[in-house]
Amino acid sequence: MISTFIFDWDEVIVHSDHFHEYAVGQVITKRGWSFSHDLYLRHFHNSLREGFKSYLLSMDYSLGNLETMIQEKKAFDSEYEHWIEPYEDALWLIENLRDTHTLGLATRTRRNLLAIGLKKFGLANTFTTLTTNEDLICIPNKYRVALQKMGINSNLHNVTAIEDSPLGISDARSIGLKCVAVTRTHSANRLSEANIVVQDLRDLNIQKL
């Protein structure tokens, strides 16, 4: 029986990719460099640092620009709150689980942005643990770090991750977690490694899982 759910943040609970794509695009295009939605999807599916690094290497640009570009993107943080909106099906699922299950959150989002979103959506006291980008320096698998924080080292079959991306699903499945994927950013075919794929989290059958 599932006792614990660990939620991803971006494009699972909050619609935020459009903000990140906008800010990254501003940093890149101000230099006169090429940028598109496809380039964003290709390179910025991990941390901000890895995204810019991947982009620069693919375009044969100097990595000497990396730190400056990261700081320039962070300068848009003040706009974050005005861009983001919650996914209603995620809020519904959280509300229906919070009294009966342990809930954690694991994301590659930076801690300051996560705090803004949690406050805006009334979720500040919802999750027993928060795993953010700052926690992933030594261990890149966010779910492994989340489990350590939650003190869970056995009965992993009772833990389910809620994801939207192939990378997140791979992280969860590689350490033995069940995974539910929601088709926000990728087609069902791209998410096939998950145990269950849904279009709307309100369709999730907890008993079946």
# chains A, B, ... in the order shown; residues from 1 in each chain; ligands from 1
call {"tool": "closest_atom_pairs", "arguments": {"of": "range 141-194 of chain A", "to": "range 74-92 of chain A", "cutoff": "12 Å", "atoms": "only C-alpha atoms", "output": "JSON lines"}}
result
{"residue": "A:Ile162", "atom": "CA", "partner": "A:Ala90", "partner_atom": "CA", "distance": 9.6}
{"residue": "A:Glu163", "atom": "CA", "partner": "A:Ala90", "partner_atom": "CA", "distance": 11.0}
{"residue": "A:Asp164", "atom": "CA", "partner": "A:Ala90", "partner_atom": "CA", "distance": 11.8}
{"residue": "A:Ala181", "atom": "CA", "partner": "A:Ala90", "partner_atom": "CA", "distance": 11.9}
{"residue": "A:Val182", "atom": "CA", "partner": "A:Ala90", "partner_atom": "CA", "distance": 9.9}
{"residue": "A:Arg184", "atom": "CA", "partner": "A:Tyr87", "partner_atom": "CA", "distance": 9.9}
call {"tool": "select_by_dssp", "arguments": {"residues": "chain A", "states": "alpha helix (DSSP H)", "output": "number ranges by chain"}}
result
A: 17-29, 37-43, 48-58, 66-74, 80-83, 88-97, 111-120, 142-150, 166-174
call {"tool": "select_by_dssp", "arguments": {"residues": "chain A", "states": "strand (DSSP E or B)", "output": "JSON, numbers by chain"}}
result
{"A": [4, 5, 6, 7, 10, 14, 15, 85, 86, 102, 103, 104, 105, 106, 129, 130, 131, 159, 160, 161, 162, 163, 178, 179, 180, 181, 182, 196, 197, 198]}
call {"tool": "atom_distance", "arguments": {"atom1": "CA of Leu177 in chain A", "atom2": "CA of Ile2 in chain A"}}
result
10.6 Å
call {"tool": "residues_around", "arguments": {"residues": "range 103-112 of chain A", "least_positions_apart": "2", "cutoff": "6 Å", "atoms": "only C-alpha atoms", "output": "PyMOL selection string"}}
result
chain A and resi 4-9+47+114-115+127-133+142
call {"tool": "write_last_selection", "arguments": {"atoms": "all heavy atoms", "output": "CSV table (one decimal), in the first residue's frame"}}
result
chain,number,residue,atom,x,y,z
A,4,THR,N,3.6,7.0,0.9
A,4,THR,CA,4.4,8.2,0.7
A,4,THR,C,4.3,8.7,-0.8
A,4,THR,O,4.6,7.8,-1.7
A,4,THR,CB,5.8,8.1,1.1
A,4,THR,OG1,5.9,7.7,2.5
A,4,THR,CG2,6.6,9.4,0.9
A,5,PHE,N,4.1,9.9,-1.0
A,5,PHE,CA,4.2,10.5,-2.4
A,5,PHE,C,5.2,11.6,-2.4
A,5,PHE,O,5.2,12.5,-1.5
A,5,PHE,CB,2.8,11.0,-2.8
A,5,PHE,CG,1.8,10.0,-3.2
A,5,PHE,CD1,1.0,9.4,-2.2
A,5,PHE,CD2,1.6,9.6,-4.5
A,5,PHE,CE1,0.1,8.4,-2.5
A,5,PHE,CE2,0.7,8.6,-4.8
A,5,PHE,CZ,-0.1,8.0,-3.8
A,6,ILE,N,6.0,11.6,-3.4
A,6,ILE,CA,7.0,12.7,-3.5
A,6,ILE,C,6.7,13.4,-4.9
A,6,ILE,O,6.8,12.8,-5.9
A,6,ILE,CB,8.5,12.2,-3.5
A,6,ILE,CG1,8.7,11.4,-2.2
A,6,ILE,CG2,9.4,13.3,-3.6
A,6,ILE,CD1,10.1,10.8,-2.2
A,7,PHE,N,6.4,14.6,-4.8
A,7,PHE,CA,6.0,15.4,-5.9
A,7,PHE,C,7.2,16.2,-6.5
A,7,PHE,O,7.9,16.8,-5.8
A,7,PHE,CB,4.9,16.5,-5.6
A,7,PHE,CG,3.5,15.9,-5.3
A,7,PHE,CD1,3.2,15.2,-4.2
A,7,PHE,CD2,2.5,16.1,-6.3
A,7,PHE,CE1,1.9,14.7,-3.9
A,7,PHE,CE2,1.3,15.6,-6.1
A,7,PHE,CZ,1.0,14.9,-4.9
A,8,ASP,N,7.2,16.2,-7.9
A,8,ASP,CA,8.0,17.2,-8.6
A,8,ASP,C,7.3,18.5,-8.5
A,8,ASP,O,6.1,18.5,-8.1
A,8,ASP,CB,8.3,16.7,-10.0
A,8,ASP,CG,9.2,17.7,-10.8
A,8,ASP,OD1,10.1,18.3,-10.2
A,8,ASP,OD2,8.9,17.8,-12.0
A,9,TRP,N,8.0,19.6,-8.8
A,9,TRP,CA,7.3,20.9,-8.7
A,9,TRP,C,7.0,21.5,-10.1
A,9,TRP,O,5.8,21.6,-10.4
A,9,TRP,CB,8.3,21.9,-8.0
A,9,TRP,CG,7.9,23.3,-7.9
A,9,TRP,CD1,8.4,24.4,-8.5
A,9,TRP,CD2,6.8,23.8,-7.1
A,9,TRP,NE1,7.8,25.5,-8.2
A,9,TRP,CE2,6.8,25.2,-7.3
A,9,TRP,CE3,5.9,23.3,-6.2
A,9,TRP,CZ2,5.9,26.1,-6.7
A,9,TRP,CZ3,5.0,24.1,-5.6
A,9,TRP,CH2,5.0,25.5,-5.8
A,47,SER,N,19.3,21.2,-14.3
A,47,SER,CA,19.5,22.4,-13.6
A,47,SER,C,19.8,23.6,-14.5
A,47,SER,O,20.2,23.3,-15.7
A,47,SER,CB,20.7,22.2,-12.6
A,47,SER,OG,21.9,22.1,-13.3
A,114,LEU,N,11.1,28.2,-5.1
A,114,LEU,CA,10.1,27.3,-4.5
A,114,LEU,C,9.3,27.9,-3.3
A,114,LEU,O,8.1,27.8,-3.2
A,114,LEU,CB,10.8,26.0,-4.0
A,114,LEU,CG,9.9,24.9,-3.4
A,114,LEU,CD1,8.9,24.4,-4.4
A,114,LEU,CD2,10.8,23.8,-2.8
A,115,ALA,N,10.0,28.6,-2.5
A,115,ALA,CA,9.4,29.3,-1.3
A,115,ALA,C,8.3,30.3,-1.8
A,115,ALA,O,7.2,30.4,-1.2
A,115,ALA,CB,10.4,30.0,-0.5
A,127,PHE,N,4.3,19.8,2.9
A,127,PHE,CA,5.3,18.8,2.6
A,127,PHE,C,6.2,18.6,3.8
A,127,PHE,O,6.7,19.5,4.4
A,127,PHE,CB,6.1,19.1,1.4
A,127,PHE,CG,5.2,19.3,0.1
A,127,PHE,CD1,4.9,20.5,-0.3
A,127,PHE,CD2,4.8,18.2,-0.6
A,127,PHE,CE1,4.1,20.7,-1.4
A,127,PHE,CE2,4.0,18.3,-1.7
A,127,PHE,CZ,3.6,19.6,-2.1
A,128,THR,N,6.4,17.3,4.2
A,128,THR,CA,7.3,17.0,5.3
A,128,THR,C,8.7,17.4,5.0
A,128,THR,O,9.5,17.7,5.9
A,128,THR,CB,7.2,15.5,5.7
A,128,THR,OG1,7.6,14.7,4.6
A,128,THR,CG2,5.8,15.1,6.1
A,129,THR,N,9.2,17.3,3.8
A,129,THR,CA,10.5,17.6,3.4
A,129,THR,C,10.5,18.3,2.0
A,129,THR,O,9.7,18.0,1.2
A,129,THR,CB,11.5,16.4,3.3
A,129,THR,OG1,10.9,15.5,2.4
A,129,THR,CG2,11.6,15.7,4.7
A,130,LEU,N,11.5,19.2,1.8
A,130,LEU,CA,11.7,19.9,0.6
A,130,LEU,C,13.1,19.6,0.1
A,130,LEU,O,14.1,19.9,0.8
A,130,LEU,CB,11.5,21.4,0.7
A,130,LEU,CG,10.1,21.9,1.3
A,130,LEU,CD1,10.1,23.4,1.5
A,130,LEU,CD2,9.0,21.5,0.4
A,131,THR,N,13.2,19.1,-1.1
A,131,THR,CA,14.5,18.9,-1.7
A,131,THR,C,14.6,19.8,-2.9
A,131,THR,O,13.8,19.7,-3.8
A,131,THR,CB,14.7,17.4,-2.1
A,131,THR,OG1,14.6,16.6,-1.0
A,131,THR,CG2,16.0,17.2,-2.8
A,132,THR,N,15.6,20.6,-2.9
A,132,THR,CA,15.7,21.6,-4.0
A,132,THR,C,17.1,21.5,-4.7
A,132,THR,O,17.9,20.7,-4.3
A,132,THR,CB,15.6,23.1,-3.4
A,132,THR,OG1,16.6,23.3,-2.5
A,132,THR,CG2,14.2,23.2,-2.7
A,133,ASN,N,17.3,22.4,-5.7
A,133,ASN,CA,18.6,22.4,-6.4
A,133,ASN,C,19.8,22.4,-5.5
A,133,ASN,O,20.8,21.8,-5.8
A,133,ASN,CB,18.6,23.5,-7.4
A,133,ASN,CG,19.8,23.6,-8.3
A,133,ASN,OD1,20.0,22.7,-9.1
A,133,ASN,ND2,20.6,24.6,-8.1
A,142,LYS,N,17.5,13.6,-7.3
A,142,LYS,CA,16.7,14.3,-6.3
A,142,LYS,C,15.8,13.4,-5.4
A,142,LYS,O,15.5,13.7,-4.2
A,142,LYS,CB,15.8,15.3,-7.0
A,142,LYS,CG,14.7,14.7,-7.9
A,142,LYS,CD,13.9,15.8,-8.6
A,142,LYS,CE,12.9,15.2,-9.6
A,142,LYS,NZ,12.1,16.2,-10.3
call {"tool": "atom_distance", "arguments": {"atom1": "CA of Thr102 in chain A", "atom2": "CA of Arg144 in chain A"}}
result
16.2 Å
call {"tool": "residues_around", "arguments": {"residues": "Ala172 in chain A", "least_positions_apart": "6", "cutoff": "8 Å", "atoms": "only C-alpha atoms", "output": "number ranges by chain"}}
result
A: 143, 161, 178-179
call {"tool": "closest_residue", "arguments": {"among": "A:Ala146, A:Ala124, A:Asn189, A:Leu56", "to": "Leu39 in chain A", "atoms": "only C-alpha atoms"}}
result
A:Leu56
call {"tool": "closest_residue", "arguments": {"among": "A:Trp33, A:Arg49, A:Asn153, A:Asp17", "to": "Ile137 in chain A", "atoms": "only C-alpha atoms"}}
result
A:Arg49
call {"tool": "closest_residue", "arguments": {"among": "A:Gly64, A:Val27, A:Glu21, A:Ile13", "to": "Tyr40 in chain A", "atoms": "only C-alpha atoms"}}
result
A:Glu21
call {"tool": "atom_distance", "arguments": {"atom1": "CA of Pro166 in chain A", "atom2": "CA of His37 in chain A"}}
result
17.9 Å
call {"tool": "residues_around", "arguments": {"residues": "Lys30 in chain A", "least_positions_apart": "5", "cutoff": "12 Å", "atoms": "only C-alpha atoms", "output": "list in words"}}
result
Ala23, Val24, Gly25, Phe35, Met69, Glu72 and Lys73 of chain A
